[in-house]
Every structure is written in structure tokens, then in C-alpha cells.
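*Asks:* Structure incoming, see below.
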Amino acid sequence: MPDNLITLASGPAGGDELATALQRNVILMVALGEGQREQDFVTRAQFMVGGDADPALVVWAKEPVHVQATLAGLPNPHGHDVAGAAAVACAISIQGEIVDVIGQNEDPTFFRLLKMLAKAASQ
Amino acid sequence: MRVWALTAGLMALACGCSAPSAVEDSILSFEEETLDSARVLVKTDPAFVDINSTIRVLVDKEALRARLLEEGGSPGVDPDILASLDRNLEALAAAVPRMQVAFDTWQRGSRDEQAKTALLEALEQVGDPTLAIMNTLPRELSSVERRYNDKLERAMINREPWGAAASFSAFQEVASEAVDELRAKEVRRLQEQGIVVRFGAWSSAGGRLTPLHLAGFDELDPGEFVEYERVVVALSDDQRGQWESLVAKAESINQSGTDLDFGSMSDNLVDYLDELLGGPLESLDEEVGAARAETETLADTVKENVHASLARIQARGDLLKLIAKQKVAKYRAIGDNPASLFLLADLRDDARELLKEAQGFARAVLAEKATLELNLTDAAARLEQRAKGIEAGLLALGQVYRSLTSAASLNLATLQFGEEVLALDIADVPEDTRLDLRYTGTRKPGDQVAFVMRGGPKGVDAKQHETLDSREFTLFRILGNISPTVSLAFANPGGTTALKTDFQAAPTYNLLYRWGDRDSAFFNRFFTPGVGLSFSALDFDGDDNLELGVGATAAFFQDWVQVGYGYNVGTDDEYWFFGFSLPLLKAAGGGTQ
């Protein structure tokens with residue numbers, strides 16, 4: 001697997017790590033939880049943006065509660081719901097905006113991930 | 001005064017008679033390639049092209065396929081959606097390699113603001129078309145999602161090297177394949193139904209319809225090659241004949257020794273225009289007046305007939321009531337005088353008589369109803385006749401107006417394909433063809449060229465096939481050109497010569513530069529301006545030896561009128577002049593008393 005995954009540390013340090021990742025000027029595809037859907041998301045996202053030069057990282061926040069404050073501080077022009085257990089994953093553009101969220105009622109398929117990536121690219 | 005009022009009326013009238021033909025999704029588009037190598041998209045209305053141009057016809061096969069499916073009762077995917085998908089797929093295919101370059105530059109480079117801007121632009125150029133495609137995928141292309149997921153799942157299992165560029169590329173490929181397959185499927189459906197398409201062109205030159213060759217669509221031979229020169233100096237045979245008439249007319253005017261009578265000329269001109277425009281209007285006026293009078297007469301007649309019918313019905317009803325009353329009174333008498341019981345013997349006959357009267361009354365009512373209906377039918381028929389008269393008057397008026405200001409129109413519905421026009425399967429329909437107007441033989445400004453595309457089932461008579469698209473063009477001299485005219489100039493040297501009159505009539509040869517307008521039939525047909533040089537045969541010194549006058553001139557209105565300023569080379573005199581062409585001189589009686 002390509003080395004484009006950041007698994008956030010457990011506990012409040014996870015929020016700090018996400019904040020650091022946000023400084024790297026890349027698209028972030030953030031998995032929020034450690035269920036099967038989140039695992040599928042991470043595997044597929046790693047593959048999808050696994051090119052050597054791809055300006056994108058996959059971030060796995062297994063404990064989403066610790067990144068909520070960081071996410072809440074980001075611009076969210078479309079009002080995506082990233083709080084609580086509603087979201088499987090979200091995408092953050094290079095400019096640091098939350099651009100898309102995969103909800104619990106959606107499958108994180110490659111097609112859906114591509115849409116998420118396209119939204120992040122379009123910003 | 002009357003002429004201008006007529007013109008204003010005709011302008012208003014024209015609004016109602018120049019409606020463009022209704023075209024659904026446009027299958028055909030037309031591009032004009034001029035002799036100057038310019039390319040112009042031909043408008044729908046008005047559609048004017050240069051007489052020497054080549055018309056390139058582009059066939060939108062998406063729209064054709066959709067239209068045929070629609071005609072067959074099984075509509076395919078909206079061609080606009082497919083066209084949008086095509087555009088975005090093309091944009092995506094072009095953007096992905098650029099994005100990869102931007103990624104590499106970003107990774108290796110300084111990552112400054114400029115590089116970031118370039119990266120963001122590259123991402124946007126990929127993201128936008130991807131989202132546009134995803135958001136417009138029609139139901140028929142829902143398999144794209146499954147195919148894309150399968151493709152990437154397989155690639156992941158096979159541990160293929162991957163990345164964002166590959167992800168977008170894979171999407172572009174899968175969606176393109178699906179679109180192509182959909183198209184092929186719809187074409188197959190049409191082929192199975194045996195749908196064929198015919199496309200033909202006709203020219204109205206010479207007052208008859210001549211089929212024209214369209215490469216790929218028929219087996220007709222190309223027509224005769226005739227290119228109209230853009231610079232012509234020599235006079236035609238007709239013009240040479242006119243020149244001789246003008247020489248004679250000038251001599252006649254000059255020998256009469258009288259000066260010009262503008263009043264008479266003006267009257268004659270007005271009479272001429274009045275004859276041209278006023279005739280149909282007067283005829284129309286008469287028709288409208290007659291219709292009005294007819295309506296009043298009919299109204300009176302119908303009113304009288306209705307009254308008469310109702311009076312007859314009433315009278316018959318009164319009679320019935322009277323008889324019934326008498327009969328009832330007769331039998332009431334029995335009560336007063338039992339001895340009159342014998343009257344009962346009449347009961348049967350009286351009842352029969354009463355019944356007979358009642359039946360007679362009913363028949364009378366029905367008869368009157370029929371009479372009334374007949375009256376109304378007759379009135380309606382007479383009014384319809386009048387309406388047809390008015391309609392004919394309007395048509396005549398409209399034709400006069402159109403002959404001056406707009407292009408005539410062919411009845412495209414009546415155009416029938418000859419056997420040489422091929423019945424093509426949709427897959428064999430060419431995507432473009434050309435009609436070089438120079439291969440359409442002798443033609444003149446104002447002639448039309450029509451294109452008609454029809455389609456339908458192979459087994460059905462081609463005459464019953466649906467018209468899928470059609471267009472009509474009018475040929476004019478749009479590009480600048482130089483040509484000669486002859487006219488009778490009235491030269492006025494301003495009293496500096498031996499002339500006894502203010503004006504001297506002189507036959508004049510003009511070499512005029514002209515041009516056309518792609519938007520105005522009035523300009524091309526009637527205004528027809530031209531500017532250039534004039535060469536007049538003058539005799540200012542009265543020695544019967546002609547002198548050459550050279551001037552600059554402008555001509556208008558089919559060369560009926562021209563004005564200019566010139567110089568008599570022989571006598572060294574300047575002069576101004578105005579002139580008329582022969583048709584107007586004939587109409588205006590030569591301009592002298």
C-alpha cells in the first residue's frame with residue numbers, strides 16, 4: 001500500500017495531528033471512525049490517491065470525537081454534518097474547506113470517493 | 001403621400017407573413033465558405049448567402065438519431081445531454097495529463113504561491129468536468145458507476161500502481177465506453193426498425209426546381225459550373241440595347257429644348273409606384289368593403305327570415321290552440337244538456353282532426369327549422385367566399401411587399417426526392433457534405449436553394465416520411481463586386497456653358513462597386529446601393545461633337561436613381577448630375593413634358 005496514510009493518535013493528540021496535516025497544502029480524505037465502512041474508505045482512498053506525486057493524504061481518525069473541534073473550526077460552506085456519528089468520512093480541499101461528507105447511509109465505493117475527490121479538486 | 005402610407009401598411013403586414021418555419025431540434029447546420037475564404041455560419045432567418053459561395057452542411061447525428069427514435073415512438077437519450085457528456089469527457093481526457101504534470105511540478109518545485117495556483121487550476125480542470133459528467137449521467141448510463149467500481153476493485157486486488165490521475169482517467173474511459181455503447185445500441189435499434197434517411201437540395205433558378213448534387217447523399221451529377229465574376233466591365237447585350245435607347249432618348253430630350261419638369265416626373269413616379277403597390281391594396285379595400293356590405297345584407301335577410309319563420313310557427317300554433325279550444329267547448333256542452341250526448345259520436349273524428357293538426361304543427365316547426373338552417377348555411381357560405389377574396393387580396397399585397405423587401409419562399413413540403421437520392425441507413429449518413437453553388441448552373445440574385453432531410457421506415461412510401469429538418473437560402477451578391485450599368489444622366493453645369501436649359505440629358509456608363517447585406521432583404525433587393533465612376537456623353541458647347549464627362553456617382557434602388565458630380569474633359573466644366581435607369585425612365589415618361 002502506498003505511504004499516504006496518517007493514522008491519528010488516540011486521544012486529544014489526534015486533533016493536533018489533523019491540524020498539522022492541514023498545514024501541508026494537500027487534499028485530505030478523512031475517515032471518521034473505525035467501523036467497516038471507515039476501513040473500506042481508508043483502503044480505497046489510499047489506492048485512489050496513491051500516486052507518488054498526488055497532493056492528497058488519507059487521514060484516519062479512529063476516534064472522531066477528538067477531531068471534532070478541529071473540523072468545526074474549518075470553513076464549511078455547504079454546512080456538511082461532520083459531527084457525531086453521522087459521517088463516515090469527509091474531504092478537505094487544499095484551501096482547508098470541508099467540501100464533501102460521506103454519510104452512514106452511503107457506501108464508500110470508488111465511484112463515491114471519486115466524486116469526493118472531484119469536489120475537493122473543484123474548490 | 002399615399003405611397004408612404006402604403007409602405008407603412010405593408011411593413012406591418014409583413015410581420016404576419018414572414019414567420020420562420022418551425023424547426024425542432026436542429027439536425028442540420030450550415031456554414032458558408034465564400035470566395036474570399038471566409039467562413040460564416042448561416043443564420044436561420046434570414047438566410048442569405050453569396051451567389052458564388054460553397055455551403056457546407058453539417059449533420060448532427062446525435063440530433064438525427066434522437067429525432068428518428070422520437071418519431072419511432074421510443075425516445076433515446078436527449079442529444080443535448082449526450083453532447084454535454086461528450087464535451088466534458090473530452091475536457092477531462094485533456095485535463096488529466098496536465099494535472100499529472102502539475103502534481104509532479106508541485107512535488108519537485110518550490111511550492112510557492114504561483115505553483116499552488118497552477119496546481120489548483122489543474123485540479124479544477126479535472127474536478128469540474130468529472131462532477132458535470134456525474135451530475136448529468138442519464139438513467140441509461142447508470143452502469144457507469146458499477147463499471148467504475150469494478151474496474152478499480154480489480155486494479156486494487158491486482159495491486160496495480162495507481163493514483164489520482166489514474167482514477168480520473170479510468171472514469172473517463174468507462175464513461176466514454178458507456179456513451180459509445182449507448183449510441184451504438186440506439187443506432188442498432190433504428191437499423192432493426194429499417195429506418196432510412198434521405199437528404200436532398202433543390203435550386204429555384206430559372207423559375208423551376210432543379211435537384212442539386214450533395215456528395216454522399218445522392219447519385220446526381222454535379223450541375224453546370226457558373227461563377228459570376230466579381231469584376232465585370234463590359235456591358236451585356238441587354239445593356240447595349242438599353243444604351244442605344246438612352247442615346248435616342250437623350251437626343252429627343254435635348255432637341256425638344258425644354259427644361260426638366262420635376263413636377264411631372266414626380267407625378268409619374270408616384271403613379272408608377274402607386275400602380276405597383278396601390279393596385280393590390282385597392283383590390284383588398286374593395287374586397288373588405290364588399291364583405292362588410294354583404295354582412296349587413298345577410299344580417300338583415302337572416303333577421304327577416306327568422307321573424308317570418310317564427311311568425312308562421314306562431315300562426316300554426318294559434319290555429320291548433322283554436323281548434324283544440326273549440327273541440328273542448330263542444331264536449332263541455334254535454335254537461336249542460338244531456339240531450340246532446342249524441343255529440344259523442346263525433347269524438348273519434350274530432351280526436352283524429354286534433355291529432356292531425358298537432359302533427360301538422362310539429363312538421364311546420366321542423367320545416368321552419370330547416371329553412372332557418374338553410375339561411376344560415378347560405379350566409380356562412382357567402383361570407384366564406386368573401387373571406388377568401390380578402391385572403392387573396394392580402395396574399396397579393398404580401399407578394400408585392402416581399403418582392404421588394406424579402407426573399408420568396410419555396411413550399412418545402414411539396415419537394416419530392418428523385419430516385420437518385422439515396423435512402424441511407426443512419427450509420428451511413430455522412431456527417432457533412434458541401435454544395436458549391438457555382439455548380440448549380442445559371443442563377444441570379446433572389447433565387448433560392450432549399451435543403452430537406454426526411455426519414456422513415458424503409459417499407460413506407462418516401463412521400464409519407466417525416467421531414468426531420470429543412471432550410472432555405474436566398475442567393476444574393478453579398479461579397480463586394482464591380483459591374484457596369486447604363487443610365488440617363490441629367491447634367492447641370494450651373495449656367496457656365498452655352499446650354500440653353502439647366503440640364504442636359506446624357507447617356508451614361510457607370511462602373512459601380514456594390515455589396516450585399518446578410519441581414520436585410522430590403523438592402524439586397526431594393527436599396528441596392530452602388531458607388532463608383534460615371535462616364536457621360538455630353539455636349540456642353542453645342543457643337544454636336546460629344547465630350548467625355550467623368551464623374552463620381554452613387555446609385556440606389558435597383559439603380560433607378562443616381563446622383564453624382566463630374567467634370568467635362570472636353571470643355572473643362574464641372575457639373576452635378578442625377579440620373580435614372582431605363583425602367584424608371586419608361587415609367588416616368590422620360591421626365592419631360
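Note on naming: chains are A, B, ... as they come in the C-alpha cells, residues start from 1 per chain, ligands start from 1 in the order shown.
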With only C-alpha atoms considered, list every residue of chain A at most 7 Å from chain B, as a list in words.
*Replies:* Phe47, Met48, Val49, Gly50, Gly51, Ala53, Asp54, Pro55, Thr109, Phe110, Phe111, Lys115, Ala118, Lys119, Ala121, Ser122 and Gln123 of chain A
*Asks:* Hey, what's within 12 Å of Ile51 (chain B) if we count only C-alpha atoms and toss same-chain stuff fewer than 4 positions away? As JSON, numbers by chain, please?
*Replies:* {"B": [32, 33, 34, 35, 55, 203, 205, 226, 227, 228, 229, 230, 435, 436, 437, 438, 439, 440, 441, 442, 443, 444, 445, 446, 447, 448, 449, 473, 474, 475, 476, 477, 478, 479, 480, 481, 515, 516]}
*Asks:* Would you please extract all strand (DSSP E) residues from region 24-122 of chain A, as assigned by DSSP on the backbone, and give them as a list in words?
*Replies:*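 DSSP-assigned strand (DSSP E) residues in region 24-122 of chain A: Ile27, Leu28, Met29, Val30, Ala31, Leu32, Ala56, Leu57, Val58, Val59, Trp60, Ala61, Ala87, Val88, Ala89, Cys90, Ala91, Ile92, Ile98, Val99, Asp100, Val101, Ile102 and Gly103 of chain A.
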*Asks:* Just write the chosen residues, C-alpha atoms, as a PDB file, in the first residue's frame.
*Replies:*
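This is the output file part-v4.pdb:
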ATOM      1  CA  ILE A  27      -6.326  17.347  -0.152  1.00  0.00           C
ATOM      2  CA  LEU A  28      -7.273  15.397   2.948  1.00  0.00           C
ATOM      3  CA  MET A  29      -9.622  12.443   2.799  1.00  0.00           C
ATOM      4  CA  VAL A  30     -10.532  11.878   6.431  1.00  0.00           C
ATOM      5  CA  ALA A  31     -12.129   8.688   7.733  1.00  0.00           C
ATOM      6  CA  LEU A  32     -14.147   9.295  10.905  1.00  0.00           C
ATOM      7  CA  ALA A  56      -3.556  14.169  -1.234  1.00  0.00           C
ATOM      8  CA  LEU A  57      -3.382  12.276   2.021  1.00  0.00           C
ATOM      9  CA  VAL A  58      -5.671   9.832   3.714  1.00  0.00           C
ATOM     10  CA  VAL A  59      -6.258  10.604   7.376  1.00  0.00           C
ATOM     11  CA  TRP A  60      -7.815   8.042   9.662  1.00  0.00           C
ATOM     12  CA  ALA A  61      -9.372   9.456  12.798  1.00  0.00           C
ATOM     13  CA  ALA A  87     -20.359  10.837   8.889  1.00  0.00           C
ATOM     14  CA  VAL A  88     -18.173   8.020   7.621  1.00  0.00           C
ATOM     15  CA  ALA A  89     -15.665  10.353   6.065  1.00  0.00           C
ATOM     16  CA  CYS A  90     -15.141  13.862   4.832  1.00  0.00           C
ATOM     17  CA  ALA A  91     -12.940  15.597   2.287  1.00  0.00           C
ATOM     18  CA  ILE A  92     -10.981  18.761   2.929  1.00  0.00           C
ATOM     19  CA  ILE A  98     -14.842  20.836   4.134  1.00  0.00           C
ATOM     20  CA  VAL A  99     -16.194  20.054   0.686  1.00  0.00           C
ATOM     21  CA  ASP A 100     -17.977  16.721   0.993  1.00  0.00           C
ATOM     22  CA  VAL A 101     -19.122  14.155   3.525  1.00  0.00           C
ATOM     23  CA  ILE A 102     -19.976  10.503   3.090  1.00  0.00           C
ATOM     24  CA  GLY A 103     -22.873   9.722   5.405  1.00  0.00           C
TER      25      GLY A 103
END
*Asks:* So that I can check the surroundings of region 11-25 of chain A, please list as a list in words every protein, DNA and RNA residue that reaches within 7 Å of it, counting only C-alpha atoms and ignoring chain neighbours fewer than 3 positions away.
*Replies:*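 Selected residues are Leu8, His66, Val67, Thr70, Ile94 and Gly96 of chain A.
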*Asks:* Using only C-alpha atoms, pick whichever of B:Val57, B:Val531, B:Leu64, B:Val233 has the shortest atom-to-atom distance to Ser29 (chain B).
*Replies:*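 Among the listed residues, B:Val57 lies closest to Ser29 (chain B).
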*Asks:* Measure the distance from CA of Glu466 (chain B) to CA of Arg65 (chain B) in Å and round it to one decimal.
*Replies:*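 Rounded to one decimal, the two atoms are 13.6 Å apart.
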*Asks:* Take CA of Ile482 (chain B) and CA of Phe225 (chain B) and report the distance between them in Å, one decimal.
*Replies:*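 Going from CA of Ile482 (chain B) over to CA of Phe225 (chain B), I get 20.9 Å.
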*Asks:* Might you pull out every residue within 10 Å of Arg240 (chain B), with only C-alpha atoms counted and same-chain residues fewer than 6 positions away left off, and present them as a ChimeraX atom specification?
*Replies:* /B:234,246,485-486
*Asks:* Please list as a list in words every residue within 12 Å of region 305-319 of chain B, counting only C-alpha atoms and excluding residues in the same chain fewer than 6 positions away.
*Replies:*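 Residues near the query, excluding close chain neighbours: Leu298, Ala299, Lys325, Gln326, Leu354, Glu357, Ala358, Gln359, Gly360, Phe361, Ala362, Arg363, Ala364, Val365, Leu366, Ala367, Glu368, Lys369, Ala370, Thr371, Leu372, Glu373, Leu374, Asn375, Leu376 and Ala379 of chain B.
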*Asks:* Could the residues in this selection be saved with C-alpha atoms as an mmCIF file, in the first residue's frame?
*Replies:*
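Saved the output as part27.cif:
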data_model
loop_
_atom_site.group_PDB
_atom_site.id
_atom_site.type_symbol
_atom_site.label_atom_id
_atom_site.label_comp_id
_atom_site.auth_asym_id
_atom_site.auth_seq_id
_atom_site.Cartn_x
_atom_site.Cartn_y
_atom_site.Cartn_z
ATOM 1 C CA LEU B 298 -77.036 38.939 -44.787
ATOM 2 C CA ALA B 299 -77.815 40.088 -41.277
ATOM 3 C CA LYS B 325 -110.452 25.074 -27.706
ATOM 4 C CA GLN B 326 -113.452 24.581 -29.996
ATOM 5 C CA LEU B 354 -106.852 17.388 -33.441
ATOM 6 C CA GLU B 357 -103.349 19.409 -36.590
ATOM 7 C CA ALA B 358 -100.819 18.700 -33.864
ATOM 8 C CA GLN B 359 -98.744 16.631 -36.294
ATOM 9 C CA GLY B 360 -99.008 19.401 -38.869
ATOM 10 C CA PHE B 361 -97.766 21.857 -36.286
ATOM 11 C CA ALA B 362 -94.778 19.663 -35.482
ATOM 12 C CA ARG B 363 -93.935 19.291 -39.180
ATOM 13 C CA ALA B 364 -94.243 23.043 -39.647
ATOM 14 C CA VAL B 365 -91.796 23.649 -36.822
ATOM 15 C CA LEU B 366 -89.321 21.198 -38.333
ATOM 16 C CA ALA B 367 -89.720 22.749 -41.766
ATOM 17 C CA GLU B 368 -89.058 26.213 -40.400
ATOM 18 C CA LYS B 369 -86.019 24.916 -38.577
ATOM 19 C CA ALA B 370 -84.693 23.552 -41.871
ATOM 20 C CA THR B 371 -85.396 26.880 -43.583
ATOM 21 C CA LEU B 372 -83.532 28.747 -40.880
ATOM 22 C CA GLU B 373 -80.557 26.380 -41.120
ATOM 23 C CA LEU B 374 -80.507 26.790 -44.883
ATOM 24 C CA ASN B 375 -80.476 30.564 -44.452
ATOM 25 C CA LEU B 376 -77.586 30.411 -42.061
ATOM 26 C CA ALA B 379 -74.986 33.179 -45.240
#
